[in-house]
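Dropping coords25.cif in here (mmCIF, C-alpha atoms and all ligand atoms):
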```cif
data_target
#
loop_
_atom_site.label_atom_id
_atom_site.label_comp_id
_atom_site.auth_asym_id
_atom_site.auth_seq_id
_atom_site.Cartn_x
_atom_site.Cartn_y
_atom_site.Cartn_z
CA MET K 1 96.28 148.17 127.24
CA LYS K 2 98.96 145.66 126.25
CA ALA K 3 102.14 145.59 128.30
CA ASN K 4 105.22 143.44 128.35
CA ILE K 5 106.38 142.98 131.95
CA VAL K 6 109.71 141.34 132.75
CA LEU K 7 109.91 139.43 136.03
CA LEU K 8 113.30 139.06 137.72
CA PRO K 9 112.51 136.82 140.73
CA GLY K 10 116.16 136.37 141.79
CA ASP K 11 117.17 134.60 145.00
CA GLY K 12 115.88 133.66 148.46
CA ILE K 13 112.32 134.86 149.00
CA GLY K 14 112.43 136.67 145.61
CA PRO K 15 110.52 134.00 143.64
CA GLU K 16 107.91 133.60 146.43
CA ILE K 17 107.00 137.29 146.60
CA VAL K 18 107.21 138.00 142.87
CA LEU K 19 104.75 135.18 142.22
CA GLN K 20 102.19 136.86 144.51
CA ALA K 21 102.69 140.26 142.84
CA GLN K 22 102.26 138.62 139.42
CA ARG K 23 98.96 137.09 140.55
CA VAL K 24 97.80 140.52 141.69
CA LEU K 25 98.78 142.09 138.35
CA GLU K 26 96.92 139.30 136.53
CA ALA K 27 93.83 140.03 138.61
CA VAL K 28 94.13 143.73 137.70
CA ALA K 29 94.45 142.83 134.01
CA ALA K 30 91.36 140.61 134.17
CA ARG K 31 89.29 143.25 135.95
CA PHE K 32 90.23 146.16 133.70
CA GLY K 33 90.59 144.30 130.40
CA HIS K 34 94.35 144.75 130.00
CA GLU K 35 96.75 142.28 128.44
CA PHE K 36 99.90 141.89 130.50
CA GLU K 37 102.46 139.52 129.05
CA PHE K 38 104.96 138.23 131.61
CA SER K 39 108.37 136.71 130.99
CA SER K 40 110.77 135.58 133.69
CA HIS K 41 114.54 136.07 133.45
CA MET K 42 117.57 135.33 135.56
CA ILE K 43 119.49 137.73 137.80
CA GLY K 44 121.70 137.33 140.86
CA GLY K 45 122.88 134.11 142.47
CA VAL K 46 120.64 131.88 140.39
CA ALA K 47 122.20 133.40 137.25
CA ILE K 48 125.73 132.89 138.60
CA ASP K 49 124.92 129.23 139.28
CA THR K 50 123.40 128.71 135.84
CA CYS K 51 125.76 130.68 133.60
CA GLY K 52 128.48 132.25 135.75
CA ASP K 53 127.14 135.79 135.25
CA PRO K 54 124.82 137.64 137.70
CA LEU K 55 123.31 139.59 134.79
CA PRO K 56 123.27 137.57 131.54
CA GLN K 57 123.05 139.50 128.25
CA GLU K 58 119.74 137.78 127.57
CA THR K 59 118.27 139.37 130.73
CA ILE K 60 119.54 142.84 129.78
CA ALA K 61 117.99 142.49 126.31
CA ALA K 62 114.64 141.35 127.72
CA CYS K 63 114.62 144.29 130.16
CA ARG K 64 115.41 146.79 127.40
CA ASN K 65 112.53 145.44 125.31
CA SER K 66 110.01 145.57 128.14
CA ASP K 67 107.54 148.17 129.32
CA ALA K 68 108.43 147.60 132.97
CA ILE K 69 110.42 145.28 135.22
CA LEU K 70 109.45 143.72 138.54
CA LEU K 71 112.32 142.40 140.66
CA GLY K 72 112.27 140.24 143.80
CA ALA K 73 115.71 140.28 145.44
CA VAL K 74 119.23 138.98 144.89
CA GLY K 75 121.92 137.52 147.12
CA GLY K 76 122.39 135.07 149.93
CA PRO K 77 124.97 133.22 152.02
CA LYS K 78 125.76 130.80 149.21
CA TRP K 79 127.40 133.61 147.23
CA ASP K 80 128.81 135.63 150.13
CA ASP K 81 132.45 134.51 149.99
CA PRO K 82 134.34 137.84 150.07
CA SER K 83 136.96 136.45 147.69
CA ALA K 84 134.45 135.24 145.06
CA LYS K 85 135.09 136.75 141.63
CA THR K 86 131.52 137.97 141.21
CA ARG K 87 128.46 138.52 143.40
CA PRO K 88 124.68 138.50 142.91
CA GLU K 89 124.51 142.16 143.96
CA ALA K 90 126.73 143.10 141.00
CA GLY K 91 123.88 142.02 138.71
CA LEU K 92 121.46 144.42 140.36
CA LEU K 93 123.92 147.32 140.26
CA LYS K 94 124.59 146.60 136.60
CA ILE K 95 120.95 146.52 135.49
CA ARG K 96 120.37 149.87 137.29
CA LYS K 97 123.37 151.36 135.48
CA GLU K 98 122.59 149.79 132.07
CA LEU K 99 119.06 151.18 132.09
CA GLY K 100 120.10 154.59 133.48
CA LEU K 101 117.82 154.23 136.51
CA PHE K 102 119.25 157.15 138.47
CA ALA K 103 116.23 157.88 140.66
CA ASN K 104 115.03 155.45 143.30
CA LEU K 105 111.69 156.49 144.79
CA ARG K 106 111.08 154.99 148.23
CA PRO K 107 107.79 156.16 149.72
CA ILE K 108 107.45 155.69 153.50
CA ARG K 109 103.73 155.37 153.82
CA LEU K 110 102.08 154.37 157.07
CA PHE K 111 98.92 152.30 157.12
CA ASP K 112 96.67 153.30 160.04
CA GLU K 113 95.99 149.61 160.58
CA LEU K 114 99.70 149.05 161.34
CA LEU K 115 100.29 151.98 163.70
CA ASP K 116 100.87 149.53 166.51
CA ALA K 117 103.12 147.24 164.46
CA SER K 118 105.96 149.77 164.58
CA PRO K 119 108.57 149.42 167.32
CA LEU K 120 108.15 153.20 167.72
CA ARG K 121 105.36 154.73 169.75
CA ARG K 122 102.20 155.68 167.87
CA GLU K 123 102.43 159.37 168.88
CA ILE K 124 105.89 159.59 167.28
CA ILE K 125 105.01 158.02 163.93
CA GLU K 126 101.46 159.32 163.43
CA GLY K 127 101.25 161.68 160.45
CA THR K 128 104.45 160.36 158.83
CA ASP K 129 104.46 160.40 155.02
CA ILE K 130 107.92 160.69 153.48
CA LEU K 131 109.09 160.23 149.91
CA PHE K 132 112.78 159.39 149.70
CA LEU K 133 114.61 160.00 146.45
CA ARG K 134 117.81 158.00 146.53
CA GLU K 135 120.37 158.68 143.78
CA LEU K 136 120.96 155.22 142.33
CA THR K 137 123.64 155.14 139.64
CA GLY K 138 126.46 157.21 141.13
CA GLY K 139 128.35 157.90 144.33
CA ILE K 140 130.47 155.39 146.21
CA TYR K 141 128.58 152.41 144.72
CA PHE K 142 130.08 153.12 141.32
CA GLY K 143 133.39 154.81 142.23
CA GLU K 144 136.77 153.42 141.33
CA SER K 145 137.70 150.51 143.57
CA GLY K 146 140.46 148.02 144.07
CA THR K 147 143.06 146.57 146.36
CA ASP K 148 146.78 147.26 146.72
CA GLY K 149 149.65 145.37 148.30
CA ASN K 150 149.73 142.01 150.05
CA GLY K 151 149.52 140.48 153.51
CA GLN K 152 149.68 143.00 156.35
CA SER K 153 150.23 145.82 153.89
CA GLU K 154 147.17 144.99 151.78
CA SER K 155 144.64 147.83 151.54
CA ALA K 156 141.35 148.37 149.70
CA TYR K 157 139.66 151.52 148.42
CA GLN K 158 136.41 152.68 146.85
CA SER K 159 135.96 156.29 145.88
CA MET K 160 132.84 158.43 146.11
CA VAL K 161 132.29 160.61 143.05
CA TYR K 162 129.36 162.88 142.17
CA SER K 163 129.19 165.16 139.15
CA VAL K 164 127.18 168.37 138.79
CA SER K 165 124.76 166.83 136.29
CA GLU K 166 124.14 163.78 138.48
CA VAL K 167 123.18 166.01 141.40
CA GLU K 168 121.11 168.38 139.26
CA ARG K 169 118.87 165.70 137.78
CA ILE K 170 118.01 163.96 141.05
CA VAL K 171 117.43 167.25 142.90
CA ARG K 172 115.16 168.49 140.08
CA LEU K 173 113.11 165.32 140.23
CA ALA K 174 112.85 165.55 144.02
CA ALA K 175 111.82 169.22 143.89
CA LYS K 176 109.13 168.42 141.31
CA ALA K 177 107.87 165.60 143.51
CA ALA K 178 107.74 168.03 146.45
CA GLN K 179 105.63 170.46 144.37
CA GLY K 180 103.07 167.68 143.95
CA ARG K 181 103.01 167.00 147.71
CA ASP K 182 103.59 169.31 150.68
CA ASN K 183 106.15 171.48 148.82
CA ARG K 184 109.03 170.74 151.22
CA LEU K 185 112.39 169.21 150.33
CA THR K 186 115.22 168.10 152.61
CA SER K 187 118.63 167.29 151.14
CA VAL K 188 120.78 164.94 153.22
CA ASP K 189 124.58 164.89 152.92
CA LYS K 190 127.83 164.74 154.87
CA ALA K 191 129.21 168.08 153.69
CA ASN K 192 131.13 168.63 156.94
CA VAL K 193 133.48 165.78 155.95
CA LEU K 194 133.09 164.62 152.33
CA GLU K 195 134.10 166.57 149.21
CA PRO K 196 131.36 165.02 146.99
CA SER K 197 128.82 166.08 149.63
CA ARG K 198 130.08 169.65 149.44
CA LEU K 199 129.58 169.62 145.67
CA TRP K 200 126.14 168.05 146.24
CA ARG K 201 125.21 170.81 148.68
CA ARG K 202 126.38 173.64 146.40
CA VAL K 203 124.63 172.26 143.32
CA ALA K 204 121.42 171.43 145.18
CA ALA K 205 121.24 174.94 146.68
CA ARG K 206 121.72 176.53 143.26
CA VAL K 207 119.07 174.36 141.57
CA MET K 208 116.60 175.09 144.35
CA GLU K 209 117.24 178.83 144.34
CA GLU K 210 117.16 179.25 140.56
CA GLU K 211 114.46 176.78 139.60
CA PHE K 212 112.32 176.05 142.66
CA PRO K 213 112.21 179.22 144.81
CA ASP K 214 108.68 178.26 145.91
CA VAL K 215 109.74 174.93 147.49
CA LYS K 216 110.69 175.09 151.18
CA TYR K 217 114.20 173.70 151.22
CA ASP K 218 116.58 172.65 153.97
CA VAL K 219 119.72 170.54 154.45
CA VAL K 220 120.50 168.00 157.16
CA LEU K 221 123.69 166.03 157.84
CA VAL K 222 123.20 162.29 157.43
CA ASP K 223 124.15 161.33 161.00
CA ALA K 224 121.64 163.80 162.42
CA MET K 225 119.05 162.61 159.89
CA ALA K 226 119.37 159.06 161.23
CA MET K 227 118.30 160.47 164.58
CA HIS K 228 115.57 162.85 163.36
CA LEU K 229 113.95 160.00 161.42
CA ILE K 230 113.04 158.14 164.58
CA ASN K 231 112.51 161.22 166.74
CA ARG K 232 110.32 163.43 164.51
CA PRO K 233 109.59 161.54 161.28
CA SER K 234 106.36 163.41 160.59
CA ASP K 235 108.34 166.65 160.03
CA PHE K 236 109.67 165.47 156.63
CA ASP K 237 108.03 165.55 153.21
CA VAL K 238 110.46 164.75 150.35
CA VAL K 239 114.04 163.74 151.18
CA VAL K 240 116.77 163.60 148.52
CA THR K 241 120.12 161.98 149.15
CA GLY K 242 123.03 160.05 147.64
CA ASN K 243 123.21 156.36 146.89
CA MET K 244 124.67 154.95 150.11
CA PHE K 245 122.95 157.33 152.53
CA GLY K 246 119.62 156.57 150.85
CA ASP K 247 120.19 152.83 151.13
CA ILE K 248 120.85 153.02 154.86
CA LEU K 249 118.27 155.64 155.84
CA THR K 250 115.41 153.83 154.10
CA ASP K 251 116.06 150.52 155.87
CA GLU K 252 115.95 152.55 159.08
CA ALA K 253 112.76 154.29 157.91
CA SER K 254 111.11 150.92 157.27
CA MET K 255 110.61 150.65 161.02
CA LEU K 256 108.16 153.58 160.85
CA PRO K 257 105.51 151.54 158.98
CA GLY K 258 106.67 148.54 161.00
CA SER K 259 108.55 146.25 158.60
CA LEU K 260 110.93 146.10 155.67
CA GLY K 261 108.30 143.81 154.19
CA MET K 262 105.97 146.79 153.60
CA LEU K 263 108.23 149.13 151.60
CA PRO K 264 108.09 149.25 147.77
CA SER K 265 110.35 151.21 145.46
CA ALA K 266 110.55 152.44 141.89
CA SER K 267 113.82 152.97 140.02
CA LEU K 268 113.38 155.38 137.12
CA GLY K 269 115.52 156.91 134.39
CA SER K 270 114.83 159.72 131.95
CA ASP K 271 113.30 157.25 129.48
CA GLY K 272 112.87 153.50 128.99
CA PRO K 273 111.37 150.94 131.36
CA GLY K 274 111.31 151.44 135.12
CA LEU K 275 112.36 148.77 137.60
CA TYR K 276 110.15 148.06 140.60
CA GLU K 277 111.16 146.15 143.70
CA PRO K 278 110.70 145.89 147.42
CA ILE K 279 113.49 147.68 149.31
CA HIS K 280 114.28 144.55 151.33
CA GLY K 281 116.64 141.76 150.36
CA SER K 282 116.39 138.04 149.78
CA ALA K 283 115.78 137.29 153.48
CA PRO K 284 117.76 134.02 153.51
CA ASP K 285 116.70 133.39 157.11
CA ILE K 286 113.08 132.75 156.01
CA ALA K 287 113.51 131.74 152.33
CA GLY K 288 111.52 128.67 151.30
CA GLU K 289 109.33 128.76 154.42
CA GLY K 290 106.39 130.47 152.73
CA VAL K 291 106.18 133.14 155.43
CA ALA K 292 107.68 136.21 153.71
CA ASN K 293 105.54 139.32 153.50
CA PRO K 294 104.63 139.85 149.80
CA LEU K 295 103.04 143.28 150.37
CA ALA K 296 106.17 145.35 149.58
CA THR K 297 106.39 143.64 146.18
CA ILE K 298 102.65 143.91 145.62
CA LEU K 299 102.86 147.64 146.43
CA ALA K 300 105.83 147.86 144.03
CA SER K 301 103.57 146.42 141.32
CA ALA K 302 101.13 149.27 142.04
CA MET K 303 104.01 151.74 141.52
CA LEU K 304 104.77 149.94 138.23
CA LEU K 305 101.21 150.50 137.01
CA ARG K 306 101.34 154.15 138.07
CA HIS K 307 104.80 155.20 136.86
CA SER K 308 105.48 152.98 133.84
CA LEU K 309 102.00 152.24 132.46
CA GLY K 310 100.14 155.39 133.54
CA LEU K 311 97.40 153.26 135.13
CA GLU K 312 96.63 155.37 138.21
CA ASP K 313 93.18 153.89 138.94
CA GLU K 314 94.53 150.35 138.74
CA ALA K 315 97.44 151.27 141.05
CA LYS K 316 94.97 152.66 143.58
CA VAL K 317 92.90 149.48 143.40
CA ILE K 318 95.95 147.49 144.54
CA GLU K 319 96.77 149.96 147.33
CA VAL K 320 93.17 149.95 148.56
CA ALA K 321 93.15 146.13 148.46
CA VAL K 322 96.29 146.03 150.62
CA GLN K 323 94.70 148.44 153.07
CA SER K 324 91.55 146.34 153.18
CA VAL K 325 93.52 143.16 153.89
CA LEU K 326 95.23 144.91 156.80
CA ALA K 327 91.92 146.34 158.04
CA ASP K 328 90.58 142.78 158.14
CA GLY K 329 93.41 141.90 160.50
CA LEU K 330 95.45 139.73 158.13
CA ARG K 331 99.15 139.80 159.01
CA THR K 332 102.31 138.03 157.94
CA HIS K 333 104.65 137.24 160.81
CA ASP K 334 106.81 140.37 160.39
CA ILE K 335 103.87 142.70 161.07
CA ALA K 336 101.95 140.43 163.46
CA ARG K 337 104.04 141.42 166.49
CA GLY K 338 103.45 138.05 168.12
CA ASN K 339 99.78 137.72 167.14
CA ALA K 340 98.34 135.20 164.67
CA SER K 341 99.85 135.33 161.20
CA ILE K 342 99.32 133.92 157.71
CA GLY K 343 101.82 132.90 155.02
CA THR K 344 102.97 134.47 151.76
CA GLU K 345 100.48 132.69 149.51
CA PRO K 346 97.35 133.32 151.63
CA MET K 347 98.35 136.99 151.92
CA GLY K 348 98.71 137.19 148.13
CA SER K 349 95.33 135.47 147.69
CA ALA K 350 93.66 137.91 150.08
CA VAL K 351 94.86 140.83 147.94
CA VAL K 352 93.90 139.07 144.68
CA GLU K 353 90.40 138.49 146.06
CA ARG K 354 89.91 142.18 146.86
CA VAL K 355 91.35 143.32 143.53
CA SER K 356 89.01 140.96 141.67
CA VAL K 357 85.65 142.18 143.08
P1 LIG K 401 117.14 141.41 154.11
O1 LIG K 401 116.40 142.64 153.75
O2 LIG K 401 117.11 140.30 153.16
O3 LIG K 401 116.59 140.88 155.52
C1 LIG K 401 116.68 141.64 156.74
C2 LIG K 401 115.67 141.06 157.74
O4 LIG K 401 114.35 141.44 157.33
C3 LIG K 401 115.67 139.54 157.81
O5 LIG K 401 115.44 139.15 159.15
C4 LIG K 401 114.51 139.14 156.94
O6 LIG K 401 113.90 137.91 157.28
C5 LIG K 401 113.54 140.30 157.12
N1 LIG K 401 112.73 140.50 155.91
C6 LIG K 401 113.14 141.05 154.74
N2 LIG K 401 112.16 141.03 153.85
C7 LIG K 401 111.10 140.47 154.45
C8 LIG K 401 109.78 140.15 154.03
N3 LIG K 401 109.33 140.44 152.80
N4 LIG K 401 108.95 139.54 154.90
C9 LIG K 401 109.37 139.27 156.14
N5 LIG K 401 110.60 139.53 156.61
C10 LIG K 401 111.46 140.13 155.76
O7 LIG K 401 118.63 141.87 154.43
P2 LIG K 401 119.94 140.99 154.72
O8 LIG K 401 119.59 139.77 155.48
O9 LIG K 401 120.90 141.95 155.26
O10 LIG K 401 120.45 140.58 153.27
C11 LIG K 401 120.22 139.30 152.69
C12 LIG K 401 120.70 139.31 151.25
O11 LIG K 401 119.87 140.15 150.48
C13 LIG K 401 122.13 139.84 151.06
O12 LIG K 401 122.78 139.01 150.14
C14 LIG K 401 121.93 141.23 150.49
O13 LIG K 401 122.97 141.64 149.66
C15 LIG K 401 120.67 141.04 149.70
N6 LIG K 401 119.90 142.25 149.47
C16 LIG K 401 119.32 142.35 148.23
C17 LIG K 401 118.50 143.43 147.94
C18 LIG K 401 117.89 143.52 146.59
O14 LIG K 401 117.96 142.57 145.85
N7 LIG K 401 117.28 144.63 146.23
C19 LIG K 401 118.23 144.39 148.94
C20 LIG K 401 118.84 144.25 150.19
C21 LIG K 401 119.66 143.15 150.46
C1 LIG K 402 118.93 147.81 147.96
C2 LIG K 402 120.02 146.80 148.23
C3 LIG K 402 121.09 146.93 147.17
C4 LIG K 402 121.72 148.29 147.34
C5 LIG K 402 122.19 145.85 147.15
C6 LIG K 402 121.64 144.47 147.19
C7 LIG K 402 123.08 146.03 145.97
O1 LIG K 402 120.51 146.92 149.52
O2 LIG K 402 118.35 147.80 146.87
O3 LIG K 402 118.61 148.60 148.87
O4 LIG K 402 122.59 148.49 148.22
O5 LIG K 402 121.37 149.18 146.56
MN MN K 403 119.33 148.26 150.78
#
```
Hey, can you dump this file as structure tokens for me?
Amino acid sequence: MKANIVLLPGDGIGPEIVLQAQRVLEAVAARFGHEFEFSSHMIGGVAIDTCGDPLPQETIAACRNSDAILLGAVGGPKWDDPSAKTRPEAGLLKIRKELGLFANLRPIRLFDELLDASPLRREIIEGTDILFLRELTGGIYFGESGTDGNGQSESAYQSMVYSVSEVERIVRLAAKAAQGRDNRLTSVDKANVLEPSRLWRRVAARVMEEEFPDVKYDVVLVDAMAMHLINRPSDFDVVVTGNMFGDILTDEASMLPGSLGMLPSASLGSDGPGLYEPIHGSAPDIAGEGVANPLATILASAMLLRHSLGLEDEAKVIEVAVQSVLADGLRTHDIARGNASIGTEPMGSAVVERVSV
């Protein structure tokens, strides 16, 4: 197979981790006889510094013409001034919107080898296997926003809007995903307070009743979900929720496998290329030190092979290689819990070696 893969390394640890995932994809290509063509483009802070725009037109065009996109992370203290006229994060939000990537799949998969790397007790997390579907192009992230007034009377607002069709399409996708797993779906909202959540709850219930009567369906309020996730995580199968709730709950859920550095994600639309990225950010506190965990990005590259290129066997080869590296006791500092650790590049090489057998 020939595939054109766009790399968006971005800021902070982004370039370090994307490089390791690219090496792994190259090893897959060599082993299976595929031709992957890579091209790197700018997004985020580096793009602001170079051309004043966190998402240059050239990057959008390259993404549109690609088969799949692999992103590192954007942002950092250099661009954090709250009065700056643009931000790195705006580039990421814009590429999601431009490509219609409304569904963000965030699997919370535990590796047996890391059961003791979690800050939670083994008996709580054992058996956990959750697929989050986070709505990605609507809600409060994309609502009308602005500021009014001056001085003491200055105020700021950002509205949360969801439409029927936005809720329908993400709930349908989540219900279909549930049918391919344990056939259970939980919808998370804040319908006791927020109007868009009440619409979400009504629409979700109707879609489930009319189209997926076989799927076991329940609803949980987001504040309670934050608690259930660390109390009884193994009770959940597929979880569907809005943009902001999904952002927050999945960072929390990353403590189940033990580290943000282990969680990949796939952002998909109804057609066109998908965008694959770790769920973590640019980790400015460790950028440039060569110690970041590249496994989330490497696992995201497996999701890229599976969802955008239809290469299931190749995706599994990467996931098995990651498992084998962990079984051999190799750990970056975030999952070492005080024991010996290795850096980003050696971790990437260990995966490449196992993919290349
Ligand atoms: P972060 O996810 O970058 O880091 C949180 C903590 O987790 C840090 O201590 C960091 O060192 C650690 N961490 C994250 N990834 C790691 C990895 N692969 N290996 C080891 N440790 C890792 O979150 P933050 O510090 O709140 O945000 C930093 C910047 O990243 C902000 O500008 C934020 O907007 C941006 N951000 C970008 C994305 C993205 O591009 N998708 C996602 C989240 C945050
Ligand atoms: C994520 C990030 C982004 C988000 C930011 C950087 C815009 O936190 O991908 O989880 O909030 O969606
Ligand atoms: Mn986030």
**Message:** ligand MN 403 (chain K): which residues are within 7 Å, counting all atoms listed in the file? Reply as a ChimeraX atom specification.
**Reply:** /K:247-248,251,279-280
**Cut-off 9 Å, only C-alpha atoms and all ligand atoms, neighbours of ligand LIG 401 (chain K) as a VMD selection string** = chain K and resid 10 to 14 17 44 71 to 80 87 to 89 92 247 251 259 to 263 277 to 287 291 to 297 332 to 335 344
**Message:** Let me make sure I understand: among K:Ala266, K:Ile60, K:Met208, K:Val238, which one has the smallest atom-to-atom distance to ligand LIG 402 (chain K) if we use all atoms listed in the file?
**Reply:** K:Ala266
**Message:** Please determine, counting all atoms listed in the file, which residue among K:Pro196, K:Gly274, K:Gly242, K:Pro15 has the shortest atom-to-atom distance to ligand LIG 402 (chain K).
**Reply:**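 Between K:Pro196, K:Gly274, K:Gly242, K:Pro15, the residue approaching ligand LIG 402 (chain K) most closely is K:Gly242.
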**Asked** From the list K:Gly310, K:Pro257, K:Pro264, K:Pro273, which residue is nearest ligand LIG 402 (chain K) when using all atoms listed in the file?
**Response**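 Going through K:Gly310, K:Pro257, K:Pro264, K:Pro273 one by one, the smallest distance to ligand LIG 402 (chain K) is for K:Pro264.
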**Item:** Which residue of K:His307, K:Arg134, K:Lys85, K:Arg169 approaches Ser187 of chain K most closely, using all atoms listed in the file
**Value:**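 The closest residue to Ser187 of chain K is K:Arg134.
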**Prompt:** Can you list, as a PyMOL selection string, every protein, DNA or RNA residue that comes within 7 Å of segment 170-180 of chain K when you count only C-alpha atoms, leaving out same-chain residues fewer than 2 positions away?
**Reply:** chain K and resi 103+133+135+166-168+182-185+204+212+215+238+240
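From atom CA of Glu289 of chain K back to atom CA of Ser341 of chain K, the distance works out to 13.4 Å.
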**Message:** From the options K:Ile95, K:Leu199, K:Leu229, K:Ile298, which residue's atoms come nearest to ligand LIG 402 (chain K), counting all atoms listed in the file?
**Reply:** K:Ile95
**Asked** In terms of the shortest atom-to-atom distance over all atoms listed in the file, which of K:Ile230, K:Met42, K:Leu249, K:Leu256 is closest to ligand LIG 402 (chain K)?
**Response** K:Leu249
Could you complete segment 263-279 of chain K so that it carries N, CA, C and O atoms, and give it back as a CSV table (one decimal), in the coordinates of the input?
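Contents of part.csv, as written:
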```csv
chain,number,residue,atom,x,y,z
K,263,LEU,N,107.8,148.0,152.4
K,263,LEU,CA,108.2,149.1,151.6
K,263,LEU,C,108.6,148.8,150.1
K,263,LEU,O,109.5,148.1,149.8
K,264,PRO,N,107.8,149.4,149.2
K,264,PRO,CA,108.1,149.2,147.8
K,264,PRO,C,109.1,150.3,147.3
K,264,PRO,O,109.3,151.3,148.0
K,265,SER,N,109.6,150.1,146.1
K,265,SER,CA,110.4,151.2,145.5
K,265,SER,C,110.2,151.2,143.9
K,265,SER,O,109.9,150.1,143.4
K,266,ALA,N,110.5,152.3,143.4
K,266,ALA,CA,110.6,152.4,141.9
K,266,ALA,C,111.9,153.0,141.5
K,266,ALA,O,112.3,154.0,142.1
K,267,SER,N,112.6,152.4,140.5
K,267,SER,CA,113.8,153.0,140.0
K,267,SER,C,113.6,153.4,138.6
K,267,SER,O,113.2,152.7,137.7
K,268,LEU,N,113.8,154.8,138.4
K,268,LEU,CA,113.4,155.4,137.1
K,268,LEU,C,114.5,156.1,136.5
K,268,LEU,O,115.4,156.6,137.2
K,269,GLY,N,114.5,156.1,135.1
K,269,GLY,CA,115.5,156.9,134.4
K,269,GLY,C,114.8,158.0,133.6
K,269,GLY,O,113.6,158.3,133.9
K,270,SER,N,115.5,158.6,132.7
K,270,SER,CA,114.8,159.7,132.0
K,270,SER,C,113.9,159.2,130.9
K,270,SER,O,113.0,159.8,130.4
K,271,ASP,N,114.2,157.9,130.4
K,271,ASP,CA,113.3,157.2,129.5
K,271,ASP,C,113.5,155.7,129.7
K,271,ASP,O,114.3,155.3,130.5
K,272,GLY,N,112.7,155.0,128.9
K,272,GLY,CA,112.9,153.5,129.0
K,272,GLY,C,112.1,152.9,130.2
K,272,GLY,O,111.5,153.7,130.9
K,273,PRO,N,112.2,151.6,130.3
K,273,PRO,CA,111.4,150.9,131.4
K,273,PRO,C,111.9,151.3,132.8
K,273,PRO,O,113.1,151.5,133.0
K,274,GLY,N,110.9,151.3,133.7
K,274,GLY,CA,111.3,151.4,135.1
K,274,GLY,C,111.5,150.1,135.8
K,274,GLY,O,110.9,149.1,135.2
K,275,LEU,N,112.2,150.0,136.9
K,275,LEU,CA,112.4,148.8,137.6
K,275,LEU,C,111.7,148.9,139.0
K,275,LEU,O,112.0,149.9,139.7
K,276,TYR,N,110.9,148.0,139.4
K,276,TYR,CA,110.2,148.1,140.6
K,276,TYR,C,110.5,146.9,141.5
K,276,TYR,O,110.6,145.8,141.1
K,277,GLU,N,110.7,147.2,142.8
K,277,GLU,CA,111.2,146.2,143.7
K,277,GLU,C,110.9,146.6,145.1
K,277,GLU,O,110.7,147.7,145.4
K,278,PRO,N,110.8,145.5,146.0
K,278,PRO,CA,110.7,145.9,147.4
K,278,PRO,C,112.1,146.4,147.8
K,278,PRO,O,113.0,146.2,147.1
K,279,ILE,N,112.1,147.2,148.9
K,279,ILE,CA,113.5,147.7,149.3
K,279,ILE,C,114.3,146.6,150.1
K,279,ILE,O,115.5,146.7,150.2
```
